[in-house]
Structure formats: C-alpha cells, structure tokens
$ cat run03.cif   # mmCIF, C-alpha atoms and all ligand atoms
data_coords
#
loop_
_atom_site.label_atom_id
_atom_site.label_comp_id
_atom_site.auth_asym_id
_atom_site.auth_seq_id
_atom_site.Cartn_x
_atom_site.Cartn_y
_atom_site.Cartn_z
CA MET V 271 -11.81 135.31 176.20
CA SER V 272 -9.99 136.64 179.21
CA GLN V 273 -12.52 135.36 181.76
CA ILE V 274 -11.18 131.82 181.49
CA PHE V 275 -7.66 132.91 182.30
CA SER V 276 -6.59 134.03 185.76
CA SER V 277 -6.60 137.78 186.39
CA GLY V 278 -2.81 138.03 186.14
CA GLN V 279 -2.98 136.43 182.74
CA SER V 280 -5.82 138.63 181.57
CA THR V 281 -3.76 141.73 182.40
CA SER V 282 -0.92 140.35 180.33
CA ILE V 283 -3.31 139.48 177.47
CA ASP V 284 -4.56 143.06 177.44
CA ALA V 285 -0.98 144.35 177.40
CA LEU V 286 -0.08 141.97 174.58
CA ARG V 287 -3.11 142.98 172.54
CA GLU V 288 -2.25 146.64 173.01
CA GLN V 289 1.39 146.14 171.99
CA TRP V 290 0.53 143.87 169.06
CA THR V 291 -2.15 146.06 167.53
CA SER V 292 0.02 149.16 167.82
CA VAL V 293 2.78 147.72 165.59
CA MET V 294 1.42 144.75 163.61
CA MET V 295 -0.79 144.84 160.52
CA SER V 296 -4.18 143.25 161.10
CA ASN V 297 -3.81 140.25 158.79
CA TYR V 298 -3.49 137.76 161.66
CA GLY V 299 -5.79 137.51 164.63
CA THR V 300 -4.27 139.03 167.75
CA PRO V 301 -2.50 136.27 169.69
CA SER V 302 -3.46 135.73 173.33
CA ILE V 303 -0.19 134.06 174.35
CA ARG V 304 3.35 135.41 174.19
CA LEU V 305 5.82 132.53 174.08
CA VAL V 306 9.35 132.98 175.37
CA ARG V 307 10.99 129.56 175.46
CA GLY V 308 10.62 125.98 174.26
CA SER V 309 12.17 122.57 174.83
CA GLY V 310 11.01 119.40 173.12
CA SER V 311 7.22 119.55 172.85
CA ARG V 312 6.86 122.01 175.72
CA VAL V 313 6.80 125.81 175.51
CA TRP V 314 6.57 128.51 178.17
CA ASP V 315 4.81 131.87 178.05
CA ASP V 316 5.87 135.17 179.56
CA GLN V 317 3.99 134.28 182.77
CA GLY V 318 6.01 131.08 183.23
CA VAL V 319 3.00 128.92 182.28
CA ASP V 320 3.94 125.80 180.29
CA TYR V 321 2.03 124.28 177.37
CA ILE V 322 2.32 120.98 175.55
CA ASP V 323 2.80 121.99 171.94
CA LEU V 324 0.61 119.84 169.70
CA ILE V 325 0.78 122.20 166.73
CA ALA V 326 4.58 122.66 166.47
CA GLY V 327 4.57 125.91 164.54
CA ILE V 328 1.94 124.46 162.17
CA ALA V 329 3.60 121.14 161.35
CA VAL V 330 7.01 122.80 161.16
CA ASN V 331 9.05 121.88 164.24
CA ALA V 332 9.66 118.26 163.28
CA LEU V 333 12.07 117.79 166.18
CA GLY V 334 10.23 120.06 168.61
CA HIS V 335 11.91 123.08 170.19
CA ALA V 336 15.63 123.56 170.75
CA ASP V 337 16.63 120.10 169.58
CA PRO V 338 20.44 120.09 169.99
CA ARG V 339 20.94 118.42 166.62
CA ILE V 340 19.38 121.40 164.86
CA THR V 341 20.87 124.08 167.08
CA ASP V 342 24.34 122.50 166.80
CA SER V 343 24.32 122.07 163.04
CA VAL V 344 22.91 125.56 162.44
CA THR V 345 25.37 127.14 164.87
CA ARG V 346 28.31 125.27 163.37
CA GLN V 347 27.29 126.16 159.82
CA LEU V 348 26.57 129.82 160.57
CA SER V 349 29.95 130.22 162.25
CA THR V 350 31.68 128.47 159.32
CA LEU V 351 29.89 129.83 156.26
CA GLY V 352 26.50 131.51 156.27
CA HIS V 353 24.80 132.97 153.22
CA VAL V 354 26.61 133.16 149.86
CA SER V 355 23.73 133.14 147.29
CA ASN V 356 23.33 130.81 144.35
CA LEU V 357 26.27 132.42 142.57
CA PHE V 358 28.29 129.83 144.51
CA ALA V 359 27.91 126.19 145.51
CA THR V 360 27.96 124.97 149.12
CA ASP V 361 28.11 121.43 150.46
CA PRO V 362 25.01 121.49 152.68
CA GLY V 363 22.82 122.47 149.70
CA LEU V 364 24.31 119.78 147.48
CA GLN V 365 24.02 117.16 150.21
CA LEU V 366 20.45 118.09 150.99
CA ALA V 367 19.42 117.88 147.33
CA ALA V 368 20.95 114.41 147.09
CA ARG V 369 19.21 113.30 150.32
CA LEU V 370 15.82 114.57 149.13
CA ILE V 371 16.20 112.72 145.84
CA ALA V 372 17.21 109.57 147.72
CA ILE V 373 14.12 109.58 149.94
CA THR V 374 11.78 110.05 146.97
CA GLY V 375 13.24 106.83 145.55
CA TRP V 376 13.23 108.42 142.07
CA ASP V 377 15.78 107.68 139.37
CA ASP V 378 18.78 109.82 138.47
CA SER V 379 16.68 112.17 136.35
CA ALA V 380 15.47 113.76 139.62
CA ARG V 381 16.45 117.36 140.37
CA VAL V 382 15.79 119.85 143.20
CA PHE V 383 15.03 123.59 143.35
CA PHE V 384 15.36 125.34 146.72
CA CYS V 385 13.38 128.31 148.00
CA ASN V 386 12.24 129.54 151.42
CA SER V 387 8.60 128.69 151.99
CA GLY V 388 5.68 126.61 150.87
CA ALA V 389 4.15 129.35 148.76
CA GLU V 390 7.44 129.83 146.95
CA ALA V 391 7.74 126.10 146.29
CA ASN V 392 4.27 126.14 144.72
CA GLU V 393 5.10 129.31 142.74
CA ALA V 394 8.09 127.46 141.30
CA ALA V 395 5.95 124.44 140.48
CA PHE V 396 3.36 126.74 138.83
CA LYS V 397 6.08 128.29 136.67
CA MET V 398 7.37 124.82 135.79
CA ALA V 399 3.87 123.89 134.68
CA ARG V 400 3.74 126.98 132.42
CA LEU V 401 7.01 125.91 130.81
CA THR V 402 5.30 122.78 129.48
CA GLY V 403 3.73 125.17 126.95
CA ARG V 404 0.27 124.64 128.45
CA THR V 405 -1.43 127.07 130.83
CA HIS V 406 -4.47 125.30 132.31
CA MET V 407 -4.20 124.12 135.93
CA VAL V 408 -6.59 121.84 137.83
CA VAL V 409 -6.69 122.03 141.63
CA ALA V 410 -9.01 120.87 144.40
CA GLN V 411 -11.56 123.00 146.20
CA SER V 412 -10.62 123.86 149.80
CA GLY V 413 -7.00 123.17 148.96
CA PHE V 414 -4.27 125.37 150.34
CA HIS V 415 -1.09 126.18 148.46
CA GLY V 416 0.01 129.53 149.90
CA ARG V 417 -0.69 133.25 149.82
CA THR V 418 1.47 134.76 147.07
CA MET V 419 -0.50 135.67 143.93
CA GLY V 420 0.43 132.52 142.02
CA ALA V 421 0.01 130.15 144.95
CA LEU V 422 -3.23 131.96 145.85
CA ALA V 423 -4.54 131.43 142.33
CA LEU V 424 -4.15 127.71 143.01
CA THR V 425 -5.80 127.95 146.46
CA SER V 426 -9.47 127.44 145.78
CA GLN V 427 -10.98 129.24 148.76
CA PRO V 428 -13.20 132.21 147.86
CA ALA V 429 -12.59 134.10 151.11
CA LYS V 430 -8.83 134.07 150.53
CA GLN V 431 -8.97 134.70 146.77
CA ASP V 432 -11.79 137.15 146.14
CA PRO V 433 -10.18 140.35 147.51
CA PHE V 434 -7.20 139.81 145.19
CA ARG V 435 -8.80 139.14 141.83
CA PRO V 436 -7.76 139.13 139.06
CA LEU V 437 -5.41 136.26 139.87
CA PRO V 438 -3.15 134.41 137.44
CA GLY V 439 -5.34 132.06 135.36
CA GLU V 440 -6.49 129.55 134.03
CA VAL V 441 -7.34 127.47 137.05
CA THR V 442 -10.21 124.99 137.38
CA ALA V 443 -11.12 123.82 140.88
CA VAL V 444 -12.89 120.51 141.41
CA PRO V 445 -14.28 118.87 144.58
CA PHE V 446 -11.45 117.08 146.43
CA GLY V 447 -11.73 113.32 146.20
CA ASP V 448 -14.18 113.32 143.28
CA GLU V 449 -12.49 111.24 140.59
CA ALA V 450 -15.16 111.85 137.93
CA ALA V 451 -14.97 115.63 138.41
CA LEU V 452 -11.20 115.52 138.04
CA ARG V 453 -11.48 113.43 134.90
CA ALA V 454 -14.00 115.88 133.43
CA ALA V 455 -11.86 118.95 134.21
CA VAL V 456 -8.55 117.75 132.80
CA THR V 457 -8.09 118.21 129.04
CA GLN V 458 -5.31 117.92 126.49
CA GLU V 459 -4.60 121.59 127.33
CA THR V 460 -4.03 120.96 131.03
CA ALA V 461 -0.48 121.70 132.17
CA ALA V 462 -0.77 120.15 135.63
CA ILE V 463 -3.01 118.73 138.31
CA LEU V 464 -2.01 120.06 141.74
CA LEU V 465 -3.28 118.31 144.87
CA GLU V 466 -2.46 117.89 148.54
CA PRO V 467 -2.34 114.18 149.44
CA VAL V 468 -3.91 115.22 152.75
CA GLN V 469 -5.66 118.58 152.76
CA GLY V 470 -4.12 120.30 155.76
CA GLU V 471 -5.56 123.80 156.17
CA GLY V 472 -8.74 122.39 154.63
CA GLY V 473 -9.32 120.38 157.82
CA VAL V 474 -6.91 117.39 157.71
CA ILE V 475 -8.73 115.43 155.02
CA PRO V 476 -6.78 112.52 153.50
CA ALA V 477 -7.44 111.81 149.84
CA PRO V 478 -9.89 108.90 149.53
CA ALA V 479 -8.34 105.54 148.64
CA GLY V 480 -7.62 105.34 144.93
CA TYR V 481 -7.99 109.07 144.27
CA LEU V 482 -4.30 109.85 143.83
CA ALA V 483 -3.86 106.79 141.62
CA ALA V 484 -6.76 108.03 139.50
CA ALA V 485 -5.15 111.48 139.33
CA ARG V 486 -1.95 109.81 138.12
CA GLU V 487 -3.82 107.97 135.40
CA ILE V 488 -5.78 111.06 134.33
CA ALA V 489 -2.58 113.10 134.16
CA ASP V 490 -0.90 110.44 132.04
CA GLN V 491 -3.81 110.26 129.61
CA SER V 492 -3.83 114.01 129.03
CA GLY V 493 -0.10 114.67 129.16
CA ALA V 494 -0.50 116.83 132.27
CA LEU V 495 1.95 116.82 135.17
CA LEU V 496 0.87 115.49 138.54
CA ILE V 497 2.17 117.88 141.21
CA LEU V 498 1.61 116.92 144.83
CA ASP V 499 1.85 119.63 147.47
CA GLU V 500 3.61 117.88 150.36
CA VAL V 501 4.43 121.13 152.16
CA GLN V 502 2.48 119.98 155.22
CA SER V 503 2.24 116.22 154.69
CA GLY V 504 5.87 115.56 153.72
CA ILE V 505 9.07 114.88 155.66
CA GLY V 506 7.80 112.03 157.77
CA ARG V 507 4.63 113.62 159.06
CA THR V 508 2.26 110.87 157.96
CA GLY V 509 4.58 107.98 158.82
CA THR V 510 6.30 107.72 155.44
CA TRP V 511 8.81 110.23 154.08
CA PHE V 512 6.07 111.61 151.85
CA ALA V 513 2.33 111.10 152.09
CA HIS V 514 2.18 109.90 148.48
CA GLN V 515 4.24 106.88 149.60
CA HIS V 516 1.63 106.00 152.24
CA ALA V 517 -0.13 102.70 151.56
CA SER V 518 -3.57 104.14 152.33
CA LEU V 519 -3.18 107.03 149.84
CA GLY V 520 -1.59 105.27 146.93
CA PRO V 521 1.19 104.77 146.80
CA VAL V 522 1.60 106.85 143.64
CA VAL V 523 4.53 108.44 141.84
CA PRO V 524 3.92 112.14 141.12
CA ASP V 525 6.06 114.13 138.67
CA VAL V 526 6.71 116.93 141.13
CA ILE V 527 6.46 117.45 144.89
CA THR V 528 6.65 120.71 146.80
CA LEU V 529 8.08 120.84 150.32
CA ALA V 530 8.59 123.35 153.15
CA LYS V 531 7.20 123.36 156.73
CA GLY V 532 8.83 120.32 158.44
CA LEU V 533 11.84 120.27 156.14
CA GLY V 534 13.87 122.83 158.06
CA GLY V 535 12.60 121.91 161.51
CA GLY V 536 11.86 125.61 162.17
CA ILE V 537 14.42 127.23 159.89
CA PRO V 538 12.74 128.58 156.73
CA ILE V 539 13.35 126.46 153.64
CA GLY V 540 11.24 125.20 150.75
CA ALA V 541 12.01 122.80 147.94
CA VAL V 542 10.64 121.41 144.70
CA VAL V 543 11.68 117.91 143.72
CA ALA V 544 10.88 116.65 140.21
CA HIS V 545 11.88 113.77 138.00
CA GLY V 546 11.55 112.79 134.37
CA ARG V 547 10.60 115.56 131.93
CA ALA V 548 9.43 117.78 134.81
CA ALA V 549 12.96 117.91 136.22
CA ALA V 550 14.23 119.64 133.06
CA LEU V 551 11.56 122.37 132.79
CA LEU V 552 13.37 125.12 134.69
CA GLY V 553 16.14 126.21 132.34
CA ALA V 554 18.95 128.68 132.88
CA GLY V 555 17.65 132.03 134.10
CA SER V 556 14.02 130.88 134.32
CA HIS V 557 13.63 131.14 138.09
CA GLY V 558 15.59 131.85 141.23
CA SER V 559 15.71 132.84 144.90
CA THR V 560 18.47 134.77 146.65
CA PHE V 561 18.18 132.86 149.92
CA GLY V 562 17.07 129.54 148.42
CA GLY V 563 19.10 126.56 149.59
CA ASN V 564 21.45 128.63 151.71
CA PRO V 565 23.84 126.51 153.79
CA VAL V 566 22.32 127.42 157.16
CA SER V 567 18.80 126.31 156.20
CA ALA V 568 20.17 123.29 154.36
CA SER V 569 22.18 122.19 157.41
CA ALA V 570 19.03 122.42 159.55
CA ALA V 571 17.17 120.26 157.03
CA LEU V 572 19.98 117.70 156.98
CA ALA V 573 19.78 117.51 160.78
CA VAL V 574 16.01 116.88 160.53
CA LEU V 575 16.39 114.12 157.94
CA ASN V 576 19.20 112.47 159.90
CA ALA V 577 17.17 112.51 163.11
CA ILE V 578 14.08 111.04 161.44
CA ASP V 579 16.30 108.20 160.24
CA SER V 580 18.30 107.60 163.38
CA ASP V 581 15.38 107.90 165.81
CA GLY V 582 12.95 105.76 163.79
CA LEU V 583 10.48 108.66 163.63
CA LEU V 584 8.59 107.34 160.59
CA GLU V 585 7.42 104.29 162.54
CA ARG V 586 6.79 106.40 165.60
CA ALA V 587 4.34 108.69 163.75
CA SER V 588 1.90 105.82 163.27
CA PHE V 589 2.34 104.61 166.84
CA VAL V 590 1.63 108.07 168.29
CA HIS V 591 -1.38 108.48 165.99
CA GLU V 592 -2.83 105.25 167.35
CA ARG V 593 -2.44 106.49 170.92
CA PHE V 594 -4.34 109.70 170.20
CA ALA V 595 -6.98 107.90 168.11
CA ARG V 596 -7.61 105.36 170.89
CA GLU V 597 -7.25 107.45 174.04
CA LEU V 598 -8.49 110.92 173.11
CA PRO V 599 -12.15 110.11 172.31
CA ALA V 600 -12.35 107.80 175.36
CA ARG V 601 -11.10 110.51 177.71
CA SER V 602 -12.92 113.51 176.26
CA SER V 603 -16.27 113.41 178.13
CA GLY V 604 -17.91 113.02 174.73
CA VAL V 605 -16.37 116.19 173.29
CA VAL V 606 -14.22 114.30 170.74
CA ARG V 607 -15.97 111.82 168.45
CA SER V 608 -12.88 110.47 166.73
CA VAL V 609 -9.45 111.35 165.41
CA ARG V 610 -8.89 111.52 161.66
CA GLY V 611 -5.78 111.98 159.54
CA LEU V 612 -2.58 110.06 159.04
CA GLY V 613 0.39 109.72 161.34
CA LEU V 614 1.07 113.01 163.08
CA LEU V 615 -1.19 115.07 160.84
CA MET V 616 -4.39 114.62 162.83
CA ALA V 617 -7.69 116.32 163.61
CA ALA V 618 -9.93 115.69 166.59
CA GLU V 619 -13.49 115.59 165.25
CA LEU V 620 -15.76 117.35 167.74
CA ASN V 621 -19.28 116.31 168.67
CA ASP V 622 -21.09 119.57 169.23
CA VAL V 623 -18.77 122.01 170.97
CA PRO V 624 -17.41 124.66 168.55
CA SER V 625 -13.70 124.28 167.87
CA ALA V 626 -12.93 127.84 169.00
CA THR V 627 -14.39 126.98 172.42
CA VAL V 628 -12.38 123.77 172.64
CA ASP V 629 -9.22 125.57 171.51
CA LEU V 630 -9.64 128.11 174.29
CA ALA V 631 -10.26 125.41 176.91
CA LEU V 632 -7.18 123.57 175.69
CA LYS V 633 -5.05 126.70 176.06
CA GLN V 634 -6.36 127.16 179.56
CA ALA V 635 -5.47 123.55 180.37
CA GLY V 636 -2.02 124.01 178.84
CA VAL V 637 -2.29 122.52 175.34
CA LEU V 638 -1.54 124.31 172.07
CA ALA V 639 -3.47 123.04 169.04
CA ASN V 640 -5.38 124.68 166.19
CA ALA V 641 -9.09 125.16 165.47
CA VAL V 642 -8.64 124.23 161.81
CA SER V 643 -12.37 124.17 161.04
CA PRO V 644 -15.53 124.89 163.07
CA ASP V 645 -15.82 121.24 164.12
CA ALA V 646 -12.21 120.02 164.26
CA ILE V 647 -9.00 120.63 166.16
CA ARG V 648 -5.78 120.07 164.21
CA MET V 649 -2.83 118.44 165.93
CA ALA V 650 0.54 118.21 164.19
CA PRO V 651 3.02 117.70 167.02
CA ALA V 652 6.76 117.23 166.73
CA LEU V 653 7.64 113.84 165.26
CA ASN V 654 9.74 113.16 168.35
CA ILE V 655 7.08 114.03 170.94
CA SER V 656 7.95 111.84 173.93
CA ASP V 657 5.72 109.34 175.72
CA ALA V 658 5.73 111.58 178.81
CA GLU V 659 4.70 114.60 176.72
CA ILE V 660 1.88 112.57 175.14
CA ASP V 661 0.72 111.46 178.61
CA ASP V 662 0.71 115.08 179.69
CA ALA V 663 -1.13 116.19 176.53
CA LEU V 664 -3.85 113.56 177.00
CA ASP V 665 -4.24 114.42 180.71
CA ARG V 666 -4.67 118.08 179.80
CA TRP V 667 -7.09 117.31 176.96
CA GLU V 668 -9.15 115.35 179.52
CA ILE V 669 -9.11 118.29 181.95
CA ALA V 670 -10.13 120.72 179.20
CA CYS V 671 -13.00 118.51 178.04
CA SER V 672 -14.38 117.86 181.49
CA ALA V 673 -14.21 121.60 182.24
CA LEU V 674 -16.22 122.21 179.05
CA GLN V 675 -18.82 119.60 179.97
CA ASN V 676 -19.12 121.09 183.48
CA GLY V 677 -19.65 124.54 181.96
CA GLU V 678 -16.57 125.91 183.70
CA SER V 679 -15.48 127.88 180.67
CA ALA V 680 -16.67 129.46 177.45
C1 LIG V 701 1.45 125.91 154.75
C2 LIG V 701 1.21 125.39 153.40
C3 LIG V 701 1.60 126.10 152.26
C4 LIG V 701 2.19 127.48 152.34
O1 LIG V 701 3.41 127.50 153.00
P1 LIG V 701 4.03 128.90 153.48
O2 LIG V 701 5.38 128.50 153.99
O3 LIG V 701 3.12 129.46 154.52
O4 LIG V 701 4.12 129.77 152.29
C5 LIG V 701 1.41 125.51 151.03
N1 LIG V 701 0.85 124.30 150.91
C6 LIG V 701 0.46 123.59 151.98
C7 LIG V 701 -0.14 122.23 151.79
C8 LIG V 701 0.61 124.12 153.26
O5 LIG V 701 0.18 123.43 154.32
#

$ encode --input "run03.cif" --output "structure tokens"
Amino acid sequence: MSQIFSSGQSTSIDALREQWTSVMMSNYGTPSIRLVRGSGSRVWDDQGVDYIDLIAGIAVNALGHADPRITDSVTRQLSTLGHVSNLFATDPGLQLAARLIAITGWDDSARVFFCNSGAEANEAAFKMARLTGRTHMVVAQSGFHGRTMGALALTSQPAKQDPFRPLPGEVTAVPFGDEAALRAAVTQETAAILLEPVQGEGGVIPAPAGYLAAAREIADQSGALLILDEVQSGIGRTGTWFAHQHASLGPVVPDVITLAKGLGGGIPIGAVVAHGRAAALLGAGSHGSTFGGNPVSASAALAVLNAIDSDGLLERASFVHERFARELPARSSGVVRSVRGLGLLMAAELNDVPSATVDLALKQAGVLANAVSPDAIRMAPALNISDAEIDDALDRWEIACSALQNGESA
C-alpha cells in the first residue's frame, strides 16, 4: 500500500498503523489516513493533504463538513439545554418528530420513535413487528440492517452472521428483487417484510421497478407489515425525501421506515416513523433509549431538513447524479463502465480493475470513496457538494484512472 504514497506519507501511515493497532480492537481495517479537518466536501489529513470527500462519513454528512447551519444550531442548543432524557419533553425533539411526519406525507396516525443509530432503529422496528403477535420476518439476501444481535439477525450475510449464531429467529431471507420468492416466503404468520429500497452496503442496488409495490401487495394479503430501511437511502439522498417516494422505485407507502445516517448530518440520531396500526405497536414501557431524540441531535437534524428545503437539495441530487453518470465513464480511461444508483447514492461499476486498487488510486489522487464490492466504488457525497468540488472530484478521478491504466500504481 505505502509504495503509492510519497515517503513522508508512508512514514506517517506506519506511525498511524502502530498507534491504531496498539489501542483499537481489530474489528475495522486499519485506516491509512488520519483526518484532522473538513469544510464542505473537502477534508485534510495530518500531512496537510486535501481530499474531495465523496463518501461523507458513509452517506451521513448530508451538508458536508462544518456547515455553519449545523454547527450553529448544535452550539446554540448545547449551550441552552443539552441532554435531559425522555423523562422530559424538549422542543427540538417534538419539532423534529412533526417535521419527519410531514415529509412522509402520512396522515395524523403517524408517530415517531427516536434512537441513536441505524441498528437501533431496526431493533425498534423488529420489536414492533414482534408486538403484532407474529414472529416470522422476511428480509432480502445481501441486505444490511446493522450489527446489533437483532439487526444482525435481519442482515442476511453469512460472513457477518455466522460467528454470532444463534441469532434471534425466525427470519427467512429471499433473493433481493425476486417477487415470486418474496411471495412464496411470506405467510399468514409473517410479522413483517423488511427491505432496503436501495441496497447500500450490498453494492448500491436499487430495487427493480415494481418490486416494492409487489412487496406492499404481498404484505397486505398476508397481514404483514412492510418496513423499509431508509437508514442510507432516506433524507434526500436519492432525490426525494425518502427512496420509497422515488418514481423509479414505486412510489409505495410502507407501514414503517427506519432512519439514521443522513438525518443528523454527522450528529448521531436514528428514528422510526410509522403510521396506521404500526404506529400504535410500541406501548408504554415497551422500548426506550436514554439518548434517543435528545435536543442536541434533534436540533442538528432540524438544521439538515431546513437546509435540504431551502437549498433545493432534492432536485440537486438528481442533477449531480447525472453529471457523474455522464462524465465519469467518459473520463475514466475505460476503468469505469457506468454509474448506477439513484441521486447521490451511486456506485461506479468497474470494468476489470479490482475496486480495492481503484480505491487506493483515488486516495492517492485525493478522492475519498468506498470499495463497496469487488467491482464497484460507492459514492455518497454531501447533498450540497458544490459544482467546483464536483469538477475537482472528476478531475481527480480522471488522474487516478489514467495512472492505473499507465501502471503507475498498484
Ligand atoms: C448503515 C446502515 C444501517 C446501520 O446503521 P448504524 O448506524 O451503523 O447502526 C442499517 N441499515 C442500513 C440500510 C444502513 O445503510
């Protein structure tokens, strides 16, 4: 790895590896870059090298780094009233719940539960499903719903699940996008169908046209809930507030959605929004979270939602997608075949260079992205990435690809 970086950088990589491995558990790979500062869609490492950030904390930093609207609202809230727990009400939490309900477009049966992460949102949804009186869950293979035991039980990926069996049951996993398989798996005993509208960790794979509508119909016929995991795809990322509202995926009306990632713009927060009978499943004392919906996180989320509105970021997501889809393959020396995904949840499909090699070349050229699968690079930049930052990102992608084709790295 270090041979593609300059010698000064390789010394610092060795020092970082040494420091990291001496204090951190080994569950993550050892990072090769230590970041110290960020502004917009640009971050700087401890050597002063800048990178265009096309991964944004894994689809989290909806407004990029150090957006003054988030830093101001969080600073103001923290110096007015920070954490109080759910023994007490606070205005930011109440306002955020009302805003989330408003952007779903659901009726006044809709209700919100707040937590702190995507896994916790899916845990809550799992517990809601159990409270229907049924226990069987149907999920999609290669889906990702989080790492806690319940969320992991719903994450049908053998490598992630197998070391932790037995996991909470009864979960049936079916191939994503296969309507007939879904129909065959769901019975009158099924509590819920849980799907991502766009599989994110699974490689940025949008549900095929008609699949979510079929899931809705299958759920209705069996009395199961339809839960959509919008942890990665929600909050404007695909060009609509939620991916299930996107014309190419549905639109459909699920019973429950789970949210996290982009919601807080970098401050941890998760949420479950439900309507109809699903909204009444969690009764008094049935679930909770000490930090959930605290006013600091809620004020960050309100700043994100306000900015998406005021800056027209839903429309911009589609516009920026088009730029990458059109310009990236054309400028990639044949490395990138095409760009898939929706809005600003994208993957560059690679021709025959392994994604780890491309990821490394991108880092060297000053672009942060993610080798989401062996043949694809995920990009989930800030929703407000500027035209100049996009220009810079595409220039650097071009440099990385031509270096790869000239055998200058890897
Ligand atoms: C990231 C992710 C999760 C898990 O979120 P955490 O905050 O890491 O617990 C769940 N579902 C989807 C679709 C995700 O992308």

$ residues_near_ligand --input "run03.cif" --ligand "ligand LIG 701 (chain V)" --cutoff "6 Å" --atoms "all atoms listed in the file" --output "list in words"
Ser387, Gly388, Ala389, Phe414, His415, Gly416, Glu466, Gly470, Asp499, Glu500, Val501 and Gln502 of chain V

$ residues_around --input "run03.cif" --residues "Ala587 in chain V" --least-positions-apart "5" --cutoff "9 Å" --atoms "all atoms listed in the file" --output "list in words"
Gly506, Arg507, Thr508, Gly509, Thr510, Glu592, Leu612, Gly613, Leu614, Leu615, Leu653 and Asn654 of chain V

$ closest_residue --input "run03.cif" --among "V:Gly534, V:Gly558, V:Gly493, V:Gly299" --to "Gly403 in chain V" --atoms "only C-alpha atoms"
V:Gly493

$ residues_around --input "run03.cif" --residues "Val590 in chain V" --least-positions-apart "4" --cutoff "12 Å" --atoms "all atoms listed in the file" --output "number ranges by chain"
V: 324, 507-509, 583-586, 594-598, 609, 612-616, 649-661, 663-664

$ write_last_selection --input "run03.cif" --atoms "C-alpha atoms" --output "PDB file, in the coordinates of the input"
ATOM      1  CA  LEU V 324       0.610 119.840 169.700  1.00  0.00           C
ATOM      2  CA  ARG V 507       4.630 113.620 159.060  1.00  0.00           C
ATOM      3  CA  THR V 508       2.260 110.870 157.960  1.00  0.00           C
ATOM      4  CA  GLY V 509       4.580 107.980 158.820  1.00  0.00           C
ATOM      5  CA  LEU V 583      10.480 108.660 163.630  1.00  0.00           C
ATOM      6  CA  LEU V 584       8.590 107.340 160.590  1.00  0.00           C
ATOM      7  CA  GLU V 585       7.420 104.290 162.540  1.00  0.00           C
ATOM      8  CA  ARG V 586       6.790 106.400 165.600  1.00  0.00           C
ATOM      9  CA  PHE V 594      -4.340 109.700 170.200  1.00  0.00           C
ATOM     10  CA  ALA V 595      -6.980 107.900 168.110  1.00  0.00           C
ATOM     11  CA  ARG V 596      -7.610 105.360 170.890  1.00  0.00           C
ATOM     12  CA  GLU V 597      -7.250 107.450 174.040  1.00  0.00           C
ATOM     13  CA  LEU V 598      -8.490 110.920 173.110  1.00  0.00           C
ATOM     14  CA  VAL V 609      -9.450 111.350 165.410  1.00  0.00           C
ATOM     15  CA  LEU V 612      -2.580 110.060 159.040  1.00  0.00           C
ATOM     16  CA  GLY V 613       0.390 109.720 161.340  1.00  0.00           C
ATOM     17  CA  LEU V 614       1.070 113.010 163.080  1.00  0.00           C
ATOM     18  CA  LEU V 615      -1.190 115.070 160.840  1.00  0.00           C
ATOM     19  CA  MET V 616      -4.390 114.620 162.830  1.00  0.00           C
ATOM     20  CA  MET V 649      -2.830 118.440 165.930  1.00  0.00           C
ATOM     21  CA  ALA V 650       0.540 118.210 164.190  1.00  0.00           C
ATOM     22  CA  PRO V 651       3.020 117.700 167.020  1.00  0.00           C
ATOM     23  CA  ALA V 652       6.760 117.230 166.730  1.00  0.00           C
ATOM     24  CA  LEU V 653       7.640 113.840 165.260  1.00  0.00           C
ATOM     25  CA  ASN V 654       9.740 113.160 168.350  1.00  0.00           C
ATOM     26  CA  ILE V 655       7.080 114.030 170.940  1.00  0.00           C
ATOM     27  CA  SER V 656       7.950 111.840 173.930  1.00  0.00           C
ATOM     28  CA  ASP V 657       5.720 109.340 175.720  1.00  0.00           C
ATOM     29  CA  ALA V 658       5.730 111.580 178.810  1.00  0.00           C
ATOM     30  CA  GLU V 659       4.700 114.600 176.720  1.00  0.00           C
ATOM     31  CA  ILE V 660       1.880 112.570 175.140  1.00  0.00           C
ATOM     32  CA  ASP V 661       0.720 111.460 178.610  1.00  0.00           C
ATOM     33  CA  ALA V 663      -1.130 116.190 176.530  1.00  0.00           C
ATOM     34  CA  LEU V 664      -3.850 113.560 177.000  1.00  0.00           C
TER      35      LEU V 664
END

$ closest_residue --input "run03.cif" --among "V:His353, V:Arg666, V:Lys397, V:Arg417" --to "Gly636 in chain V" --atoms "only C-alpha atoms"
V:Arg666

$ atom_distance --input "run03.cif" --atom1 "CA of Pro362 in chain V" --atom2 "CA of Ala395 in chain V"
22.8 Å

$ closest_residue --input "run03.cif" --among "V:Gln469, V:Thr402, V:Thr291, V:Ser343" --to "Ile537 in chain V" --atoms "all atoms listed in the file"
V:Ser343

$ atom_distance --input "run03.cif" --atom1 "CA of Val456 in chain V" --atom2 "CA of Ala485 in chain V"
9.7 Å

$ atom_distance --input "run03.cif" --atom1 "CA of Cys385 in chain V" --atom2 "CA of Arg346 in chain V"
21.6 Å

$ decode --input "run03.cif" --residues "range 605-613 of chain V" --atoms "N, CA, C and O atoms" --output "CSV table (one decimal), in the first residue's frame"
chain,number,residue,atom,x,y,z
V,605,VAL,N,-11.8,2.6,-17.2
V,605,VAL,CA,-11.8,1.9,-15.9
V,605,VAL,C,-13.3,1.8,-15.4
V,605,VAL,O,-13.7,0.8,-14.8
V,606,VAL,N,-14.1,2.9,-15.6
V,606,VAL,CA,-15.5,2.9,-15.1
V,606,VAL,C,-16.4,2.6,-16.3
V,606,VAL,O,-16.4,3.3,-17.3
V,607,ARG,N,-17.2,1.6,-16.2
V,607,ARG,CA,-18.2,1.2,-17.2
V,607,ARG,C,-19.4,2.1,-17.2
V,607,ARG,O,-19.9,2.6,-18.2
V,608,SER,N,-19.9,2.3,-16.0
V,608,SER,CA,-21.1,3.1,-15.9
V,608,SER,C,-21.3,3.4,-14.4
V,608,SER,O,-20.6,2.9,-13.5
V,609,VAL,N,-22.3,4.3,-14.1
V,609,VAL,CA,-22.6,4.7,-12.8
V,609,VAL,C,-24.1,4.2,-12.5
V,609,VAL,O,-25.0,4.6,-13.2
V,610,ARG,N,-24.2,3.4,-11.4
V,610,ARG,CA,-25.6,3.0,-11.1
V,610,ARG,C,-26.0,3.7,-9.8
V,610,ARG,O,-25.3,4.3,-9.1
V,611,GLY,N,-27.3,3.5,-9.4
V,611,GLY,CA,-27.8,4.0,-8.2
V,611,GLY,C,-28.8,5.1,-8.5
V,611,GLY,O,-29.3,5.3,-9.6
V,612,LEU,N,-29.2,5.8,-7.5
V,612,LEU,CA,-30.2,6.9,-7.6
V,612,LEU,C,-29.7,8.1,-6.8
V,612,LEU,O,-29.2,8.0,-5.7
V,613,GLY,N,-29.9,9.3,-7.5
V,613,GLY,CA,-29.5,10.5,-6.8
V,613,GLY,C,-28.0,10.4,-6.3
V,613,GLY,O,-27.1,10.0,-7.1
